[in-house]
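Student: Structure below; questions to follow.
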Amino acid sequence: MKHKVILAAALALLFCGGVQAQKRPWLNKSLPISDRVNALLDQMTVEEMIGETVLHSYSVEKDSDFRALVSKNKVGAVLKANGVIQIKSLQDYALAHSRLGIPLMFHEDVIHGYRTVAPIPLAQACSWDTAMVRRTAAVAAREAAASGLSLTYAPMLDVCVDPRWGRVTETSGEDPFLSSAMGEALVKGFQGSSLSLANTVMACSKHFVGYASVTAGHDYLGEEFSQRQLFERYLPSHDAAIRAGVGSVMCSYTMYNGQPVTFSKYIGKDLLRDTLGFKGLYMTDWTTCSNALRQGASPNKRFSATKSLEAGIDMDMASNAYRDNLLALYKEGKVSLGQIRNAAYRCLEAKFKVGLFDNPYLYLDPKREKREILSEQNKQETLEMTVESMLLLKNDNSVLPLADGGTIAVVGPFAEEKDALLGVWRAKGKPEDVTSMAEGMSKVFGKGRVKIASCDYKALTDSVETVVNTAKSADAVIVCIGQNSKNIGEANCVSTLEIEKGQIDMLRRIKALGKTTIVVMFGGRPLITKDVLPECDALLYAWHPGVMGGEAAALLLKGERVPSAKTCQTFPRTVGQVPIYYNTYRPMNYIEYTDVEKGPQFPFGFGLSYNTYEYSDLKLNTGKVKTTDNITVSVKVKNTGKYEGREIVQLYVKHIYDASTVIPKEKELQAFRSIVLKPGEEQEVKFTLTPEAFKVLTENMQWKTEPGLYEVQVGRNSADVMTQRLTLE
Ligand code: GLC
């Protein structure tokens, strides 16, 4: 009897499922997503379609307003709701109030970690380790997905040459080629092998495009940029993200050809859709539809909604221009049903892609959330990323790694600092999750060897006396200084790149004690080090390193890990040199400022190790090829140090001249390779360069590989290379 009941129940379920699938064909998993989306759209009213284009910013304080909007189908997706409990409550409500059972999609800014916060993207890019960066994004995706989210507003792929800009911290540095490699790795890390898995999230390539083009590093102060700059500097990293399959793109706050990007059909359609072939979801940035009013580019949100829809924007983040105006605009014939349906299509398609129509609770398993957040695996993977992101910028007389024995003073404003180490885009990261320098040093060197003394951020109070006295009593001193996360990030730009004067004065007093003095410097951007360098024997630049920062730095200082990072952003000597970057257009004469030493403090690609690596025998397989041929480049690299270590071999191409009449860049990164070498080991590193590596954007704005004379440069950084010349016919 029992079996009969079960069978009947199973048949009933199958029947209902079948009926449901017939009544709601969009739930039929065997259909292609495009058919499912269209089947659903065919059932939807215009109001419901418009509701899908609304990206609502949630707050608990306005929960009832939110639910009222949901009950009227006026919300499609949500940002700033987090955690399984909160999101499940909102999803339950949405499904109960959606005539067609349409789930909400939940987004968030998970830029470099959700709760296990990793180093800032600018630091991660200094690893040049795309596999490691991909794994780190996968950690972020696992934690975000376990917390109810299915889309993150990352990677941020702006290319910045002005570290005064607060958002430099989220970029992968000044170079389009490296930023492209990082963009691909980050997209693949977030999105994994399938968007419909419960431990992956849809990525979002932002900010499309040219957001870094701001006047004097001043956020929101758009600086016009040419189509050449667009194609050479700003577009490649987004192109790479789109080729990697990124599911969404976010428009930028900046302007192009005089228009807010939000209104630019050239950017949103010609470029994004037609040139780059992007078919996914295109959303605004935070209230760009209403920002345009303040920018004087729009009289009202009706106008903004019309222009944004015409420019191909599918989803309106938090301005409510679409929500409050599209229906009237449609009824007045100002926008068409087709435009609305196209936008709603891509908003719904994203939900189908991440599996929400197959299971609206896919990302809402409280047990998985508890298991995933701050898991040991996530922390260990993040630790390795953090180790590979810290730059060794000075190590006189190989004072590092620190000798065994003796007492170590860990002092300064960042000795016990936790909050700043999270960086500014920390998602749900908490200061208590951070291993501080003091904790890391005690863990790695043993509490007995470590003496700790903190002081205030400006190093101007009596606490500095304690710092100096603690330093006096130790054999070696780790001075932890830098810039916190208050003047970095969105809308947080600086007019100088110096750290607090009090910190420098404190460092000088410590150095005068004659002890081994090592600086560990923290910051979300390249800072001026010219006053720090003379006052220390070694300098480890730790960036804003995330939750594992203190332990990673300690492992490096002890020699249990060997520094290998190379900077992805030029370090200026003074802020007056900014903008400063390696791949400038070639000047007619090389001149330097008359009032500062030549060149940057540290060039793009620079980073020291505890080893030295010898480069030799740079060879090309030919001296003359056709513009359509590949060439092979080989170089030998030998580890002449005492430790097993990783070296990042960099390959640049310089156009001595080519058949185009454009002025080429000084040089451009075209390949890189990480190799691990044991002490004394030598490896031959081979690169195959396609004609792509020699392309130039001609005066007709066409990418072409032209006949000409070129120089292949291979070395340890952009300023320290071996060269070989090559003719392309
Ligand atoms: C912000 C940022 C963007 C972020 C969005 C949502 O203003 O420009 O990067 O993803 O709003 O927080």
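Chain labels A, B, ... are given in the sequence in which chains occur in the structure tokens; within each chain residues are numbered consecutively from 1, and ligands are likewise numbered from 1 in the order shown.
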Give me, as JSON lines, each residue of range 333-431 of chain A that comes within 12 Å of range 242-248 of chain A, together with its shortest interatomic pair and the distance in Å at one decimal, counting only C-alpha atoms, with rows ordered by chain and rising residue number.

Tutor:
```
{"residue": "A:Arg346", "atom": "CA", "partner": "A:Ser248", "partner_atom": "CA", "distance": 9.4}
{"residue": "A:Cys347", "atom": "CA", "partner": "A:Ser248", "partner_atom": "CA", "distance": 9.7}
{"residue": "A:Glu349", "atom": "CA", "partner": "A:Gly247", "partner_atom": "CA", "distance": 9.8}
{"residue": "A:Ala350", "atom": "CA", "partner": "A:Gly247", "partner_atom": "CA", "distance": 7.3}
{"residue": "A:Lys351", "atom": "CA", "partner": "A:Gly247", "partner_atom": "CA", "distance": 10.6}
{"residue": "A:Phe352", "atom": "CA", "partner": "A:Gly247", "partner_atom": "CA", "distance": 11.6}
{"residue": "A:Lys353", "atom": "CA", "partner": "A:Gly247", "partner_atom": "CA", "distance": 8.7}
{"residue": "A:Val354", "atom": "CA", "partner": "A:Gly247", "partner_atom": "CA", "distance": 9.7}
```

Student: With only C-alpha atoms as the counted atoms, please give the residues lying no more than 6 Å from range 183-197 of chain A, apart from itself and same-chain residues fewer than 2 positions off, as a PyMOL selection string.

Tutor: chain A and resi 130+134-135+137-138+141+179-181+199-203+240-241+244+246+353-355

Student: Take the residues just selected and output them with N, CA, C and O atoms as a PDB file, in the first residue's frame.

Tutor:
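The result, written out as again.pdb:
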```pdb
ATOM      1  N   THR A 130      48.127  35.275 -12.634  1.00  0.00           N
ATOM      2  CA  THR A 130      46.703  35.224 -13.014  1.00  0.00           C
ATOM      3  C   THR A 130      46.005  34.007 -12.400  1.00  0.00           C
ATOM      4  O   THR A 130      44.836  34.076 -12.024  1.00  0.00           O
ATOM      5  N   ARG A 134      42.849  34.390  -9.988  1.00  0.00           N
ATOM      6  CA  ARG A 134      41.604  33.683 -10.327  1.00  0.00           C
ATOM      7  C   ARG A 134      41.104  32.890  -9.119  1.00  0.00           C
ATOM      8  O   ARG A 134      39.915  32.933  -8.775  1.00  0.00           O
ATOM      9  N   ARG A 135      42.031  32.220  -8.436  1.00  0.00           N
ATOM     10  CA  ARG A 135      41.622  31.440  -7.260  1.00  0.00           C
ATOM     11  C   ARG A 135      41.073  32.358  -6.167  1.00  0.00           C
ATOM     12  O   ARG A 135      40.131  32.033  -5.459  1.00  0.00           O
ATOM     13  N   ALA A 137      39.565  35.216  -6.606  1.00  0.00           N
ATOM     14  CA  ALA A 137      38.203  35.638  -6.985  1.00  0.00           C
ATOM     15  C   ALA A 137      37.210  34.508  -6.727  1.00  0.00           C
ATOM     16  O   ALA A 137      36.061  34.741  -6.332  1.00  0.00           O
ATOM     17  N   ALA A 138      37.673  33.276  -6.899  1.00  0.00           N
ATOM     18  CA  ALA A 138      36.792  32.124  -6.651  1.00  0.00           C
ATOM     19  C   ALA A 138      36.444  32.028  -5.165  1.00  0.00           C
ATOM     20  O   ALA A 138      35.311  31.674  -4.804  1.00  0.00           O
ATOM     21  N   ALA A 141      33.817  34.552  -4.658  1.00  0.00           N
ATOM     22  CA  ALA A 141      32.554  34.084  -5.238  1.00  0.00           C
ATOM     23  C   ALA A 141      31.882  33.060  -4.327  1.00  0.00           C
ATOM     24  O   ALA A 141      30.667  33.120  -4.086  1.00  0.00           O
ATOM     25  N   SER A 179      46.304  44.681 -17.105  1.00  0.00           N
ATOM     26  CA  SER A 179      44.912  44.829 -16.641  1.00  0.00           C
ATOM     27  C   SER A 179      43.994  43.865 -17.380  1.00  0.00           C
ATOM     28  O   SER A 179      43.056  43.315 -16.805  1.00  0.00           O
ATOM     29  N   SER A 180      44.288  43.639 -18.650  1.00  0.00           N
ATOM     30  CA  SER A 180      43.482  42.691 -19.432  1.00  0.00           C
ATOM     31  C   SER A 180      43.664  41.273 -18.910  1.00  0.00           C
ATOM     32  O   SER A 180      42.700  40.525 -18.755  1.00  0.00           O
ATOM     33  N   ALA A 181      44.903  40.927 -18.606  1.00  0.00           N
ATOM     34  CA  ALA A 181      45.174  39.579 -18.083  1.00  0.00           C
ATOM     35  C   ALA A 181      44.478  39.384 -16.737  1.00  0.00           C
ATOM     36  O   ALA A 181      43.892  38.332 -16.461  1.00  0.00           O
ATOM     37  N   ASN A 199      28.104  28.045  -6.265  1.00  0.00           N
ATOM     38  CA  ASN A 199      29.283  28.688  -5.652  1.00  0.00           C
ATOM     39  C   ASN A 199      29.987  29.647  -6.608  1.00  0.00           C
ATOM     40  O   ASN A 199      31.167  29.964  -6.423  1.00  0.00           O
ATOM     41  N   THR A 200      29.237  30.123  -7.606  1.00  0.00           N
ATOM     42  CA  THR A 200      29.794  31.131  -8.516  1.00  0.00           C
ATOM     43  C   THR A 200      28.829  32.310  -8.586  1.00  0.00           C
ATOM     44  O   THR A 200      27.648  32.168  -8.269  1.00  0.00           O
ATOM     45  N   VAL A 201      29.355  33.435  -9.040  1.00  0.00           N
ATOM     46  CA  VAL A 201      28.500  34.625  -9.208  1.00  0.00           C
ATOM     47  C   VAL A 201      28.797  35.249 -10.558  1.00  0.00           C
ATOM     48  O   VAL A 201      29.904  35.092 -11.094  1.00  0.00           O
ATOM     49  N   MET A 202      27.839  35.956 -11.092  1.00  0.00           N
ATOM     50  CA  MET A 202      28.052  36.696 -12.331  1.00  0.00           C
ATOM     51  C   MET A 202      28.969  37.890 -12.028  1.00  0.00           C
ATOM     52  O   MET A 202      28.794  38.569 -11.024  1.00  0.00           O
ATOM     53  N   ALA A 203      29.934  38.088 -12.899  1.00  0.00           N
ATOM     54  CA  ALA A 203      30.841  39.228 -12.735  1.00  0.00           C
ATOM     55  C   ALA A 203      30.302  40.413 -13.529  1.00  0.00           C
ATOM     56  O   ALA A 203      29.362  40.274 -14.312  1.00  0.00           O
ATOM     57  N   ALA A 240      38.869  42.209 -22.897  1.00  0.00           N
ATOM     58  CA  ALA A 240      39.339  40.926 -22.353  1.00  0.00           C
ATOM     59  C   ALA A 240      38.275  40.304 -21.441  1.00  0.00           C
ATOM     60  O   ALA A 240      38.030  39.093 -21.483  1.00  0.00           O
ATOM     61  N   ALA A 241      37.617  41.129 -20.654  1.00  0.00           N
ATOM     62  CA  ALA A 241      36.572  40.606 -19.755  1.00  0.00           C
ATOM     63  C   ALA A 241      35.406  40.049 -20.570  1.00  0.00           C
ATOM     64  O   ALA A 241      34.859  38.991 -20.257  1.00  0.00           O
ATOM     65  N   ALA A 244      36.221  36.879 -22.015  1.00  0.00           N
ATOM     66  CA  ALA A 244      36.248  35.844 -20.964  1.00  0.00           C
ATOM     67  C   ALA A 244      34.832  35.458 -20.546  1.00  0.00           C
ATOM     68  O   ALA A 244      34.644  34.596 -19.687  1.00  0.00           O
ATOM     69  N   VAL A 246      32.223  37.670 -19.417  1.00  0.00           N
ATOM     70  CA  VAL A 246      31.614  38.401 -18.298  1.00  0.00           C
ATOM     71  C   VAL A 246      30.120  38.580 -18.569  1.00  0.00           C
ATOM     72  O   VAL A 246      29.709  38.833 -19.697  1.00  0.00           O
ATOM     73  N   LYS A 353      20.445  32.708 -16.266  1.00  0.00           N
ATOM     74  CA  LYS A 353      21.837  32.216 -16.356  1.00  0.00           C
ATOM     75  C   LYS A 353      22.369  31.778 -14.985  1.00  0.00           C
ATOM     76  O   LYS A 353      23.094  30.792 -14.884  1.00  0.00           O
ATOM     77  N   VAL A 354      22.016  32.503 -13.940  1.00  0.00           N
ATOM     78  CA  VAL A 354      22.559  32.144 -12.613  1.00  0.00           C
ATOM     79  C   VAL A 354      21.692  31.115 -11.903  1.00  0.00           C
ATOM     80  O   VAL A 354      21.937  30.762 -10.759  1.00  0.00           O
ATOM     81  N   GLY A 355      20.647  30.630 -12.597  1.00  0.00           N
ATOM     82  CA  GLY A 355      19.894  29.494 -12.076  1.00  0.00           C
ATOM     83  C   GLY A 355      18.730  29.857 -11.178  1.00  0.00           C
ATOM     84  O   GLY A 355      18.113  28.980 -10.571  1.00  0.00           O
TER      85      GLY A 355
END
```

Student: List all protein, DNA and RNA residues that have an atom no more than 8 Å from any atom of ligand 1, counting only C-alpha atoms and all ligand atoms, and report them as a PyMOL selection string.

Tutor: chain A and resi 79-80+108-109+153-154+156+206-207+250+252-253+285-286+317+490

Student: Export, as a PDB file, in the first residue's frame, the selected residues with N, CA and C atoms.

Tutor:
```pdb
ATOM      1  N   LEU A  79      20.508  45.601  -4.628  1.00  0.00           N
ATOM      2  CA  LEU A  79      21.869  45.630  -4.078  1.00  0.00           C
ATOM      3  C   LEU A  79      21.777  46.047  -2.618  1.00  0.00           C
ATOM      4  N   LYS A  80      22.798  45.708  -1.873  1.00  0.00           N
ATOM      5  CA  LYS A  80      22.950  46.049  -0.464  1.00  0.00           C
ATOM      6  C   LYS A  80      22.056  45.273   0.476  1.00  0.00           C
ATOM      7  N   GLU A 108      26.029  42.711  -5.240  1.00  0.00           N
ATOM      8  CA  GLU A 108      26.812  43.414  -4.204  1.00  0.00           C
ATOM      9  C   GLU A 108      28.187  43.762  -4.752  1.00  0.00           C
ATOM     10  N   ASP A 109      28.848  44.712  -4.098  1.00  0.00           N
ATOM     11  CA  ASP A 109      30.239  45.047  -4.431  1.00  0.00           C
ATOM     12  C   ASP A 109      31.173  44.096  -3.701  1.00  0.00           C
ATOM     13  N   TYR A 153      29.748  43.387  -8.491  1.00  0.00           N
ATOM     14  CA  TYR A 153      30.177  44.518  -9.323  1.00  0.00           C
ATOM     15  C   TYR A 153      31.712  44.542  -9.387  1.00  0.00           C
ATOM     16  N   ALA A 154      32.219  43.501  -9.994  1.00  0.00           N
ATOM     17  CA  ALA A 154      33.679  43.370 -10.167  1.00  0.00           C
ATOM     18  C   ALA A 154      33.909  42.442 -11.345  1.00  0.00           C
ATOM     19  N   MET A 156      36.775  45.612 -11.445  1.00  0.00           N
ATOM     20  CA  MET A 156      36.918  47.011 -11.812  1.00  0.00           C
ATOM     21  C   MET A 156      38.152  47.101 -12.704  1.00  0.00           C
ATOM     22  N   LYS A 206      33.569  46.729 -14.969  1.00  0.00           N
ATOM     23  CA  LYS A 206      33.270  48.138 -14.720  1.00  0.00           C
ATOM     24  C   LYS A 206      34.558  48.943 -14.653  1.00  0.00           C
ATOM     25  N   HIS A 207      34.494  50.257 -14.952  1.00  0.00           N
ATOM     26  CA  HIS A 207      33.314  51.011 -15.338  1.00  0.00           C
ATOM     27  C   HIS A 207      33.475  51.327 -16.816  1.00  0.00           C
ATOM     28  N   MET A 250      28.994  47.508 -16.305  1.00  0.00           N
ATOM     29  CA  MET A 250      28.454  48.697 -15.645  1.00  0.00           C
ATOM     30  C   MET A 250      29.037  49.934 -16.309  1.00  0.00           C
ATOM     31  N   SER A 252      30.175  53.937 -16.846  1.00  0.00           N
ATOM     32  CA  SER A 252      31.037  54.731 -15.957  1.00  0.00           C
ATOM     33  C   SER A 252      30.439  56.103 -15.705  1.00  0.00           C
ATOM     34  N   TYR A 253      30.913  56.734 -14.660  1.00  0.00           N
ATOM     35  CA  TYR A 253      30.449  58.085 -14.310  1.00  0.00           C
ATOM     36  C   TYR A 253      30.981  59.113 -15.270  1.00  0.00           C
ATOM     37  N   ASP A 285      25.797  52.939 -13.462  1.00  0.00           N
ATOM     38  CA  ASP A 285      26.421  52.980 -12.149  1.00  0.00           C
ATOM     39  C   ASP A 285      25.410  53.666 -11.234  1.00  0.00           C
ATOM     40  N   TRP A 286      25.794  53.865  -9.989  1.00  0.00           N
ATOM     41  CA  TRP A 286      24.888  54.394  -8.966  1.00  0.00           C
ATOM     42  C   TRP A 286      24.253  55.722  -9.409  1.00  0.00           C
ATOM     43  N   MET A 317      20.359  51.620 -11.934  1.00  0.00           N
ATOM     44  CA  MET A 317      20.744  51.422 -10.545  1.00  0.00           C
ATOM     45  C   MET A 317      20.343  52.627  -9.705  1.00  0.00           C
ATOM     46  N   GLU A 490      36.334  55.583  -3.614  1.00  0.00           N
ATOM     47  CA  GLU A 490      35.472  56.492  -4.357  1.00  0.00           C
ATOM     48  C   GLU A 490      35.330  57.834  -3.645  1.00  0.00           C
TER      49      GLU A 490
END
```

Student: Select from range 387-443 of chain A every residue with an atom at most 7 Å from any atom of range 550-553 of chain A, then for each give the shortest pair of atoms and their distance in Å to one decimal, using only C-alpha atoms, rows by chain and rising number, as CSV.

Tutor:
```
residue,atom,partner,partner_atom,distance
A:Val387,CA,A:Ala552,CA,5.0
A:Thr435,CA,A:Gly550,CA,5.1
A:Ser436,CA,A:Gly550,CA,4.5
A:Met437,CA,A:Gly550,CA,4.0
A:Glu439,CA,A:Gly550,CA,6.6
A:Gly440,CA,A:Glu551,CA,4.0
A:Met441,CA,A:Glu551,CA,6.7
```

Student: Pick out the closest residue to Pro526 in chain A from this set: A:Ser398, A:Asn342, A:Ser237, A:Thr169. Count only C-alpha atoms.

Tutor: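 With only C-alpha atoms as the atom set, the closest residue is A:Thr169.
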
Student: Could you give me the residues within range 450-584 of chain A that DSSP places in strand (DSSP E), as a ChimeraX atom specification?

Tutor: /A:450-454,476-482,516-522,538-541

Student: Pick out the closest residue to Leu374 in chain A from this set: A:Ala123, A:Ala212, A:Val249, A:Ala146. Count only C-alpha atoms.

Tutor: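 Looking only at the distances to Leu374 in chain A, the closest residue turns out to be A:Ala146.
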
Student: Work out how far CA of Val575 in chain A is from CA of Lys598 in chain A, in Å to one decimal.

Tutor: 14.0 Å

Student: Can you tell me how far CA of Lys418 in chain A sits from CA of Pro431 in chain A, in Å to one decimal?

Tutor: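 Rounded to one decimal, the two atoms are 5.2 Å apart.
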
Student: Taking a cut-off of 12 Å and counting only C-alpha atoms, can you build a table that, for each residue of range 73-145 of chain A near range 19-35 of chain A, reports the nearest atom pair and how far apart they are in Å (one decimal), sorted by chain then residue number, as CSV?

Tutor:
```
residue,atom,partner,partner_atom,distance
A:Arg99,CA,A:Arg24,CA,11.3
A:Leu100,CA,A:Arg24,CA,8.0
A:Gly101,CA,A:Arg24,CA,9.4
A:Ile102,CA,A:Trp26,CA,10.4
```

Student: List the spatial neighbours of Ala476 in chain A as an mmCIF file with N, CA and C atoms, in the first residue's frame - criterion: any atom at most 10 Å away, only C-alpha atoms, same-chain residues fewer than 5 positions off excluded.

Tutor:
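The resulting file, out-v6.cif, is reproduced below:
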```cif
data_model
loop_
_atom_site.group_PDB
_atom_site.id
_atom_site.type_symbol
_atom_site.label_atom_id
_atom_site.label_comp_id
_atom_site.auth_asym_id
_atom_site.auth_seq_id
_atom_site.Cartn_x
_atom_site.Cartn_y
_atom_site.Cartn_z
ATOM 1 N N VAL A 399 69.471 42.697 4.769
ATOM 2 C CA VAL A 399 69.054 42.623 6.189
ATOM 3 C C VAL A 399 67.844 41.712 6.340
ATOM 4 N N LEU A 402 64.994 38.447 8.233
ATOM 5 C CA LEU A 402 65.515 38.781 9.554
ATOM 6 C C LEU A 402 66.300 37.597 10.112
ATOM 7 N N ALA A 403 67.432 37.922 10.702
ATOM 8 C CA ALA A 403 68.275 36.859 11.274
ATOM 9 C C ALA A 403 67.545 36.209 12.453
ATOM 10 N N GLY A 406 67.316 37.193 18.834
ATOM 11 C CA GLY A 406 67.217 38.633 19.075
ATOM 12 C C GLY A 406 65.763 39.074 19.192
ATOM 13 N N THR A 407 65.601 40.248 19.781
ATOM 14 C CA THR A 407 64.229 40.759 19.970
ATOM 15 C C THR A 407 63.871 41.681 18.812
ATOM 16 N N ILE A 408 62.559 41.681 18.541
ATOM 17 C CA ILE A 408 62.065 42.484 17.419
ATOM 18 C C ILE A 408 60.988 43.425 17.947
ATOM 19 N N ALA A 409 61.163 44.710 17.707
ATOM 20 C CA ALA A 409 60.111 45.662 18.077
ATOM 21 C C ALA A 409 59.210 45.868 16.866
ATOM 22 N N VAL A 410 57.915 45.734 17.103
ATOM 23 C CA VAL A 410 56.929 46.010 16.028
ATOM 24 C C VAL A 410 56.190 47.256 16.470
ATOM 25 N N VAL A 450 58.938 39.247 20.333
ATOM 26 C CA VAL A 450 58.299 40.442 19.758
ATOM 27 C C VAL A 450 57.849 41.403 20.857
ATOM 28 N N ALA A 471 61.661 50.554 20.642
ATOM 29 C CA ALA A 471 62.650 50.299 19.582
ATOM 30 C C ALA A 471 64.049 50.205 20.180
ATOM 31 N N GLY A 514 70.293 53.401 15.415
ATOM 32 C CA GLY A 514 71.357 52.529 14.868
ATOM 33 C C GLY A 514 70.985 51.060 14.836
ATOM 34 N N LYS A 515 69.657 50.777 14.983
ATOM 35 C CA LYS A 515 69.243 49.365 14.922
ATOM 36 C C LYS A 515 68.948 48.971 13.475
ATOM 37 N N THR A 516 68.839 47.673 13.237
ATOM 38 C CA THR A 516 68.306 47.228 11.936
ATOM 39 C C THR A 516 66.878 47.740 11.856
ATOM 40 N N THR A 517 66.622 48.592 10.863
ATOM 41 C CA THR A 517 65.310 49.261 10.770
ATOM 42 C C THR A 517 64.608 48.861 9.488
ATOM 43 N N ILE A 518 63.495 48.179 9.672
ATOM 44 C CA ILE A 518 62.727 47.713 8.511
ATOM 45 C C ILE A 518 61.372 48.400 8.514
#
```

Student: Take CA of Cys251 in chain A and CA of Thr584 in chain A and report the distance between them in Å, one decimal.

Tutor: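 Going from CA of Cys251 in chain A over to CA of Thr584 in chain A covers 26.6 Å.
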